[in-house]
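Have a look at query_30.tsv; it's TSV, C-alpha atoms and all ligand atoms:
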```tsv
chain	number	residue	atom	x	y	z
A	230	MET	CA	69.48	52.38	-30.69
A	231	ARG	CA	68.32	50.79	-27.44
A	232	TRP	CA	64.69	51.48	-28.29
A	233	TYR	CA	65.14	49.93	-31.73
A	234	ALA	CA	66.82	46.85	-30.24
A	235	ARG	CA	63.82	46.29	-27.98
A	236	GLN	CA	61.32	47.09	-30.71
A	237	LEU	CA	62.81	44.85	-33.38
A	238	GLY	CA	63.23	41.74	-31.27
A	239	PHE	CA	66.86	42.17	-30.21
A	240	ALA	CA	66.20	43.03	-26.56
A	241	GLN	CA	68.94	40.64	-25.45
A	242	ASP	CA	71.47	42.70	-27.46
A	243	GLU	CA	70.23	46.09	-26.25
A	244	ASP	CA	73.54	47.01	-24.61
A	245	PHE	CA	75.46	46.13	-27.75
A	246	TRP	CA	73.19	48.28	-29.91
A	247	GLY	CA	73.43	51.12	-27.39
A	248	ILE	CA	77.22	51.03	-27.28
A	249	VAL	CA	77.46	50.98	-31.08
A	250	GLY	CA	75.31	54.11	-31.07
A	251	LEU	CA	77.48	55.76	-28.43
A	252	LEU	CA	80.75	54.99	-30.21
A	253	HIS	CA	79.71	55.44	-33.81
A	254	ASP	CA	81.35	58.86	-34.26
A	255	ILE	CA	84.40	58.12	-32.11
A	256	ASP	CA	86.90	59.47	-34.63
A	257	PHE	CA	84.83	62.30	-36.04
A	258	GLU	CA	85.95	65.16	-33.84
A	259	MET	CA	89.69	64.56	-34.23
A	260	TYR	CA	89.78	63.04	-37.71
A	261	PRO	CA	86.80	64.41	-39.68
A	262	GLU	CA	88.56	63.72	-42.96
A	263	GLU	CA	89.17	60.10	-42.01
A	264	HIS	CA	85.78	59.41	-40.45
A	265	CYS	CA	85.33	55.65	-39.95
A	266	ILE	CA	88.79	55.11	-41.47
A	267	LYS	CA	90.65	56.02	-38.29
A	268	ALA	CA	87.97	54.45	-36.07
A	269	PRO	CA	89.09	50.77	-36.38
A	270	GLU	CA	92.58	51.67	-35.12
A	271	LEU	CA	91.21	53.64	-32.13
A	272	LEU	CA	88.65	50.96	-31.29
A	273	ARG	CA	91.14	48.08	-31.53
A	274	GLU	CA	93.47	49.97	-29.20
A	275	GLY	CA	90.59	50.11	-26.72
A	276	GLY	CA	89.97	46.37	-27.02
A	277	VAL	CA	86.75	46.63	-29.05
A	278	GLY	CA	85.85	43.51	-31.06
A	279	GLU	CA	85.61	43.24	-34.84
A	280	GLU	CA	81.83	42.78	-34.85
A	281	MET	CA	81.35	46.14	-33.18
A	282	ILE	CA	83.98	47.81	-35.38
A	283	HIS	CA	82.12	46.61	-38.48
A	284	ALA	CA	78.83	47.89	-37.06
A	285	ILE	CA	80.31	51.30	-36.28
A	286	CYS	CA	82.13	51.80	-39.56
A	287	SER	CA	79.26	50.68	-41.77
A	288	HIS	CA	77.30	53.82	-40.89
A	289	ALA	CA	79.63	55.71	-43.25
A	290	TYR	CA	78.90	53.32	-46.13
A	291	GLY	CA	79.05	55.08	-49.48
A	292	MET	CA	80.48	58.22	-47.86
A	293	HIS	CA	83.88	57.46	-46.35
A	294	VAL	CA	84.08	53.66	-46.48
A	295	ASP	CA	82.85	50.73	-48.50
A	296	ILE	CA	81.66	48.68	-45.52
A	297	LYS	CA	78.05	47.78	-46.21
A	298	PRO	CA	75.49	47.64	-43.39
A	299	GLU	CA	74.54	43.95	-43.15
A	300	HIS	CA	72.98	43.36	-39.75
A	301	THR	CA	69.61	44.95	-38.89
A	302	MET	CA	71.37	47.03	-36.25
A	303	GLU	CA	73.80	48.38	-38.85
A	304	LYS	CA	70.95	49.30	-41.17
A	305	VAL	CA	69.15	51.06	-38.34
A	306	LEU	CA	72.25	53.08	-37.46
A	307	PHE	CA	72.80	53.97	-41.10
A	308	ALA	CA	69.17	55.02	-41.57
A	309	THR	CA	68.81	57.02	-38.36
A	310	ASP	CA	72.17	58.78	-38.04
A	311	GLU	CA	71.21	61.70	-40.28
A	312	LEU	CA	67.52	61.45	-39.42
A	313	THR	CA	67.99	61.94	-35.67
A	314	GLY	CA	69.92	65.14	-36.44
A	315	LEU	CA	67.01	66.36	-38.55
A	316	ILE	CA	64.42	65.44	-35.91
A	317	TRP	CA	66.38	67.19	-33.17
A	318	ALA	CA	66.76	70.30	-35.34
A	319	ALA	CA	62.96	70.23	-35.81
A	320	ALA	CA	62.44	69.82	-32.06
A	321	LEU	CA	64.57	72.88	-31.35
A	322	MET	CA	62.29	74.97	-33.60
A	323	ARG	CA	59.30	74.15	-31.40
A	324	PRO	CA	58.21	76.24	-28.40
A	325	SER	CA	58.64	73.12	-26.24
A	326	LEU	CA	62.23	72.57	-27.55
A	327	SER	CA	61.30	68.93	-27.41
A	328	THR	CA	60.21	65.92	-29.48
A	329	GLN	CA	57.51	65.05	-26.94
A	330	ASP	CA	54.72	67.00	-28.65
A	331	MET	CA	55.92	66.46	-32.22
A	332	GLU	CA	53.77	64.50	-34.62
A	333	LEU	CA	54.67	62.67	-37.80
A	334	LYS	CA	52.77	65.23	-39.88
A	335	SER	CA	54.89	68.16	-38.75
A	336	LEU	CA	58.08	66.09	-39.02
A	337	LYS	CA	57.20	65.23	-42.62
A	338	LYS	CA	56.68	68.89	-43.39
A	339	LYS	CA	60.15	69.71	-42.11
A	340	TYR	CA	61.59	66.70	-43.92
A	341	LYS	CA	60.17	67.87	-47.23
A	342	SER	CA	61.39	71.42	-46.81
A	343	LYS	CA	64.71	71.39	-48.68
A	344	GLY	CA	66.08	74.40	-46.85
A	345	PHE	CA	65.49	72.88	-43.42
A	346	ALA	CA	68.49	71.06	-41.86
A	347	ALA	CA	70.01	70.93	-45.33
A	348	GLY	CA	73.09	69.17	-43.92
A	349	CYS	CA	71.01	66.08	-43.09
A	350	SER	CA	71.10	64.01	-46.25
A	351	ARG	CA	67.63	62.87	-47.33
A	352	ASP	CA	69.33	60.52	-49.80
A	353	VAL	CA	71.07	58.65	-46.99
A	354	ILE	CA	67.86	58.48	-44.93
A	355	GLU	CA	65.90	57.11	-47.88
A	356	LYS	CA	68.64	54.63	-48.73
A	357	GLY	CA	68.49	53.49	-45.09
A	358	ALA	CA	64.71	53.01	-45.22
A	359	GLU	CA	65.15	50.98	-48.38
A	360	MET	CA	67.81	48.76	-46.75
A	361	LEU	CA	65.40	48.08	-43.90
A	362	GLY	CA	62.55	47.46	-46.32
A	363	TRP	CA	60.41	50.09	-44.63
A	364	PRO	CA	58.39	52.92	-46.19
A	365	LEU	CA	59.94	56.28	-45.35
A	366	ASP	CA	56.98	57.18	-43.08
A	367	GLU	CA	57.61	54.11	-40.96
A	368	LEU	CA	61.26	55.04	-40.47
A	369	LEU	CA	60.28	58.61	-39.53
A	370	GLN	CA	57.59	57.50	-37.09
A	371	LYS	CA	59.74	54.86	-35.41
A	372	THR	CA	62.74	57.15	-35.06
A	373	LEU	CA	60.55	59.91	-33.65
A	374	ASP	CA	59.13	57.42	-31.11
A	375	ALA	CA	62.65	56.28	-30.22
A	376	MET	CA	63.75	59.86	-29.59
A	377	LYS	CA	60.67	60.63	-27.51
A	378	ASP	CA	61.45	57.59	-25.42
A	379	CYS	CA	65.03	58.56	-24.57
A	380	GLU	CA	64.99	62.36	-24.80
A	381	THR	CA	64.87	63.12	-21.07
A	382	LYS	CA	67.58	60.61	-20.29
A	383	VAL	CA	69.87	61.74	-23.09
A	384	LEU	CA	69.52	65.42	-22.18
A	385	LYS	CA	70.27	64.68	-18.54
A	386	GLU	CA	73.32	62.61	-19.39
A	387	SER	CA	74.68	65.15	-21.83
A	388	ALA	CA	74.24	67.99	-19.30
A	389	LEU	CA	76.19	65.92	-16.76
A	390	TRP	CA	78.86	65.25	-19.36
A	391	GLN	CA	79.14	68.95	-20.21
A	392	ASP	CA	79.55	69.74	-16.50
A	393	MET	CA	82.20	67.08	-16.13
A	394	LYS	CA	84.10	68.37	-19.14
A	395	LYS	CA	84.00	71.90	-17.76
A	396	GLU	CA	85.15	70.69	-14.36
A	397	SER	CA	87.91	68.40	-15.47
A	398	ARG	CA	89.85	70.59	-17.85
A	399	ALA	CA	92.62	72.93	-16.83
A	400	ALA	CA	91.97	76.67	-16.59
A	401	ARG	CA	93.16	78.66	-19.57
A	402	ARG	CA	93.41	82.21	-20.84
A	403	GLY	CA	89.92	83.46	-21.63
A	404	ASP	CA	88.27	81.65	-18.71
A	405	TRP	CA	88.44	84.89	-16.72
A	406	LYS	CA	89.05	88.55	-17.46
A	407	THR	CA	92.75	89.33	-17.75
A	408	GLU	CA	94.81	92.47	-18.24
A	409	PRO	CA	98.28	92.27	-19.81
A	410	MET	CA	101.43	92.63	-17.70
A	411	PRO	CA	102.02	96.41	-17.70
A	412	ASP	CA	105.14	98.04	-19.13
A	413	GLN	CA	106.11	98.92	-15.56
A	414	HIS	CA	107.39	95.58	-14.31
A	415	GLU	CA	110.46	94.00	-12.80
A	416	THR	CA	112.16	90.65	-13.24
A	417	PHE	CA	113.76	88.46	-10.59
A	418	PHE	CA	114.67	84.82	-10.04
A	419	LEU	CA	112.82	82.36	-7.88
A	420	ASP	CA	114.91	79.37	-6.80
A	421	ARG	CA	112.63	76.56	-5.86
A	422	SER	CA	112.06	72.98	-6.95
A	423	PHE	CA	108.61	71.52	-7.56
A	424	THR	CA	107.56	67.89	-7.51
A	425	ASP	CA	105.59	66.47	-10.45
A	426	ASN	CA	102.41	66.58	-8.36
A	427	GLU	CA	103.02	70.20	-7.47
A	428	MET	CA	103.55	71.10	-11.12
A	429	ASP	CA	100.34	69.22	-12.01
A	430	ALA	CA	98.47	71.26	-9.42
A	431	LEU	CA	99.78	74.49	-10.92
A	432	ARG	CA	99.00	73.29	-14.44
A	433	ARG	CA	95.35	72.74	-13.51
A	434	GLY	CA	95.08	76.45	-12.80
A	435	ASN	CA	92.22	78.06	-10.94
A	436	ILE	CA	89.02	79.67	-12.11
A	437	PRO	CA	87.61	81.72	-9.21
A	438	GLN	CA	84.42	80.21	-7.82
A	439	ALA	CA	83.56	82.74	-5.13
A	440	MET	CA	84.19	86.37	-4.14
A	441	GLU	CA	86.89	85.38	-1.70
A	442	ASP	CA	88.74	83.51	-4.44
A	443	LYS	CA	91.18	86.32	-5.20
A	444	TRP	CA	93.31	84.77	-7.92
A	445	PHE	CA	92.87	83.41	-11.41
A	446	TRP	CA	95.87	81.47	-12.60
A	447	TYR	CA	96.66	79.26	-15.55
A	448	MET	CA	99.63	77.91	-17.45
A	449	GLU	CA	100.55	78.05	-21.11
A	450	GLY	CA	103.43	75.68	-21.82
A	451	SER	CA	105.96	76.35	-19.08
A	452	THR	CA	104.72	79.89	-18.42
A	453	PHE	CA	102.48	80.54	-15.44
A	454	TRP	CA	100.23	83.60	-15.17
A	455	ALA	CA	98.61	84.88	-11.98
A	456	HIS	CA	95.89	87.54	-12.19
A	457	ARG	CA	93.83	89.27	-9.53
A	458	SER	CA	90.32	87.91	-9.91
A	459	TRP	CA	88.44	91.17	-9.20
A	460	THR	CA	90.37	93.40	-11.58
A	461	GLY	CA	92.09	90.98	-13.96
A	462	TYR	CA	95.43	92.70	-13.26
A	463	CYS	CA	98.39	90.49	-14.04
A	464	ILE	CA	100.61	90.40	-10.96
A	465	TYR	CA	103.03	87.54	-11.59
A	466	LYS	CA	104.31	85.73	-14.62
A	467	ILE	CA	106.62	82.80	-13.94
A	468	GLU	CA	108.69	81.09	-16.60
A	469	PHE	CA	109.49	77.70	-15.11
A	470	LYS	CA	112.99	76.45	-15.86
A	471	ALA	CA	114.31	72.90	-15.65
A	472	ASP	CA	117.27	74.06	-13.52
A	473	ASN	CA	114.81	75.39	-10.86
A	474	HIS	CA	116.07	78.93	-11.44
A	475	HIS	CA	112.68	80.31	-12.51
A	476	VAL	CA	112.23	83.74	-14.05
A	477	VAL	CA	109.52	85.84	-12.42
A	478	THR	CA	108.11	89.04	-13.86
A	479	VAL	CA	106.20	91.11	-11.35
A	480	ASN	CA	103.81	94.03	-11.84
A	481	ARG	CA	105.30	97.36	-10.71
A	482	ASN	CA	102.47	99.65	-11.73
A	483	PRO	CA	101.59	101.35	-8.41
A	484	GLU	CA	97.96	101.68	-9.53
A	485	GLN	CA	97.71	97.92	-9.79
A	486	TYR	CA	100.13	96.50	-7.23
A	487	LYS	CA	101.63	98.18	-4.22
A	488	CYS	CA	104.69	96.07	-3.40
A	489	THR	CA	108.04	97.44	-4.57
A	490	SER	CA	110.50	95.06	-2.93
A	491	VAL	CA	111.82	91.92	-4.58
A	492	GLU	CA	112.50	90.32	-1.16
A	493	GLU	CA	108.88	90.79	-0.13
A	494	ASP	CA	107.71	89.49	-3.47
A	495	ILE	CA	109.79	86.32	-3.17
A	496	GLU	CA	108.32	85.72	0.27
A	497	SER	CA	104.72	86.35	-0.72
A	498	LEU	CA	104.99	84.48	-4.02
A	499	ASN	CA	106.37	81.42	-2.21
A	500	LYS	CA	103.46	81.59	0.24
A	501	LEU	CA	100.97	81.98	-2.60
A	502	LEU	CA	102.46	79.04	-4.49
A	503	ASP	CA	102.15	76.88	-1.36
A	504	GLN	CA	98.56	77.93	-0.99
A	505	TRP	CA	97.71	77.40	-4.68
A	506	ILE	CA	99.28	73.95	-4.74
A	507	CYS	CA	97.61	72.94	-1.52
A	508	ASN	CA	94.14	74.21	-2.49
A	509	SER	CA	94.21	72.75	-5.98
A	510	ARG	CA	91.40	70.23	-6.31
A	511	PRO	CA	92.09	66.89	-7.96
A	512	ALA	CA	91.30	67.06	-11.70
A	513	SER	CA	88.46	64.55	-11.50
A	514	ARG	CA	86.52	66.66	-9.02
A	515	ARG	CA	87.00	70.06	-10.64
B	601	FE	FE	79.21	59.58	-38.49
```
Now that the file is in, can you turn its structure into structure tokens?
Ligand SMILES: [Fe+2]
Amino acid sequence: MRWYARQLGFAQDEDFWGIVGLLHDIDFEMYPEEHCIKAPELLREGGVGEEMIHAICSHAYGMHVDIKPEHTMEKVLFATDELTGLIWAAALMRPSLSTQDMELKSLKKKYKSKGFAAGCSRDVIEKGAEMLGWPLDELLQKTLDAMKDCETKVLKESALWQDMKKESRAARRGDWKTEPMPDQHETFFLDRSFTDNEMDALRRGNIPQAMEDKWFWYMEGSTFWAHRSWTGYCIYKIEFKADNHHVVTVNRNPEQYKCTSVEEDIESLNKLLDQWICNSRPASRR
């Protein structure tokens, strides 16, 4: 979108075009059935203006909404939304996995092949070219040039975003190998109160990062699970209770865990909880 803004004489609005591109599918992941119908509500809540809302929603013209692309920027978004998907799919078929060495001729071949990227509607792309008053080849060439121009930057940004997503979410079952709590187990109570910050730290869980990181823990609802990182053995399960009288289940399979005394377990579990809370990294840096 930024490339098109510069190319078509709207350089002063480049940021606006770029942001419309960034936000255009804002509701798609959570509300696929209400794509561009739910978006105005979400965008207004975030303080986005009506001009941008119109621009975003018009890309679903004739599919989910009846908001016609009017502005050049809206027509560009409408015309390129499906097309960029098709071009990227074509790039991923190439040994270079890139648009950089792709030429119009090979893109046209892919475009014409009905079986290729069948989910990318040629009808929408052609309708978009018509709205812009461009021959289809011109739309293909320009969009290919636009993607070549921003490919490195977009890939870098999306890799950073993926890393951030991975780092900021709480640990959950499946992030590490886990064995179930064995039939040989014992239950006792742990009387201890936790502050909101301490509970948040426990809720973030821990995915082991190094050999000396001996525990994997995560929470599901109000239940906390602690597993040995090397073996996946489940040692403690804690059901947190509002009255601070928490129910702990402890592993008593001698092959997996040696301790047999509840007193010792209470002492070591309290120490472990202190350690886990204290070592928990803030969510934004994990
Ligand atoms: Fe969309």
| message | List the spatial neighbours of Lys377 of chain A as a PyMOL selection string - criterion: any atom at most 6 Å away, only C-alpha atoms, same-chain residues fewer than 3 positions off excluded. | response | chain A and resi 328-329+374+380
Go ahead and save the residues from that selection, with C-alpha atoms, as an mmCIF file, in the coordinates of the input.
```cif
data_model
loop_
_atom_site.group_PDB
_atom_site.id
_atom_site.type_symbol
_atom_site.label_atom_id
_atom_site.label_comp_id
_atom_site.auth_asym_id
_atom_site.auth_seq_id
_atom_site.Cartn_x
_atom_site.Cartn_y
_atom_site.Cartn_z
ATOM 1 C CA THR A 328 60.210 65.920 -29.480
ATOM 2 C CA GLN A 329 57.510 65.050 -26.940
ATOM 3 C CA ASP A 374 59.130 57.420 -31.110
ATOM 4 C CA GLU A 380 64.990 62.360 -24.800
#
```
So that each row is one residue of chain A with an atom at most 8 Å from ligand FE 601 (chain B), can you give its shortest atom pair and the distance in Å to one decimal, using only C-alpha atoms and all ligand atoms, rows by chain and rising number, as JSON lines?
```
{"residue": "A:His253", "atom": "CA", "partner": "B:FE601", "partner_atom": "FE", "distance": 6.3}
{"residue": "A:Asp254", "atom": "CA", "partner": "B:FE601", "partner_atom": "FE", "distance": 4.8}
{"residue": "A:Phe257", "atom": "CA", "partner": "B:FE601", "partner_atom": "FE", "distance": 6.7}
{"residue": "A:His264", "atom": "CA", "partner": "B:FE601", "partner_atom": "FE", "distance": 6.9}
{"residue": "A:Cys265", "atom": "CA", "partner": "B:FE601", "partner_atom": "FE", "distance": 7.4}
{"residue": "A:His288", "atom": "CA", "partner": "B:FE601", "partner_atom": "FE", "distance": 6.5}
{"residue": "A:Ala289", "atom": "CA", "partner": "B:FE601", "partner_atom": "FE", "distance": 6.1}
{"residue": "A:Asp310", "atom": "CA", "partner": "B:FE601", "partner_atom": "FE", "distance": 7.1}
```
Draw an axis-aligned box tight on the listed atoms of segment 445-449 of chain A, then pad every side by 3 Å and write out centre and edge lengths in Å to one decimal as lines of an AutoDock Vina configuration file.
```
center_x = 96.7
center_y = 80.7
center_z = -16.3
size_x = 13.7
size_y = 11.5
size_z = 15.7
```
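Distances from A:Glu299, A:Glu279, A:Asp244, A:Glu468 to Thr416 of chain A were compared using all atoms listed in the file, and the smallest one belongs to A:Glu468.
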| said: With 12 Å as the threshold, what does the neighbourhood of (80.3, 47.2, -43.0) contain in terms of residues, counting only C-alpha atoms? Coordinates are those of the file; answer as number ranges by chain. | reply: A: 265-266, 269, 279-291, 293-304, 306-307
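Rounded to one decimal, atom CA of Glu493 of chain A and atom CA of Trp446 of chain A lie 20.3 Å from each other.
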| field | Exercise: Gly450 of chain A partners within 10 Å, only C-alpha atoms, chain neighbours under 3 positions left out, as a VMD selection string | value | chain A and resid 432 447 453 468 to 469
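Interatomic distance, atom CA of Glu270 of chain A to atom CA of Trp246 of chain A: 20.4 Å.
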| field | segment 316-327 of chain A environment, 9 Å, only C-alpha atoms, sequence neighbours closer than 6 positions dropped, as a PyMOL selection string | value | chain A and resi 335-336+339-340+345-346+369+372-373+376-377+380
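The coordinates place atom CA of Leu315 of chain A at 20.3 Å from atom CA of Ile255 of chain A.
Near Pro409 of chain A, within 9 Å and counting only C-alpha atoms, sit Gly461, Tyr462 and Cys463 of chain A, not including residues fewer than 6 positions from it in the same chain.
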| message | as JSON, numbers by chain, please: the residues near Trp459 of chain A (cut-off 9 Å, all atoms listed in the file, same-chain neighbours under 4 positions excluded). | response | {"A": [406, 440, 443, 444]}
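Shortest atom-to-atom contact with Ala399 of chain A among A:Cys379, A:Leu252, A:Met292, A:Ala430: A:Ala430, counting all atoms listed in the file.
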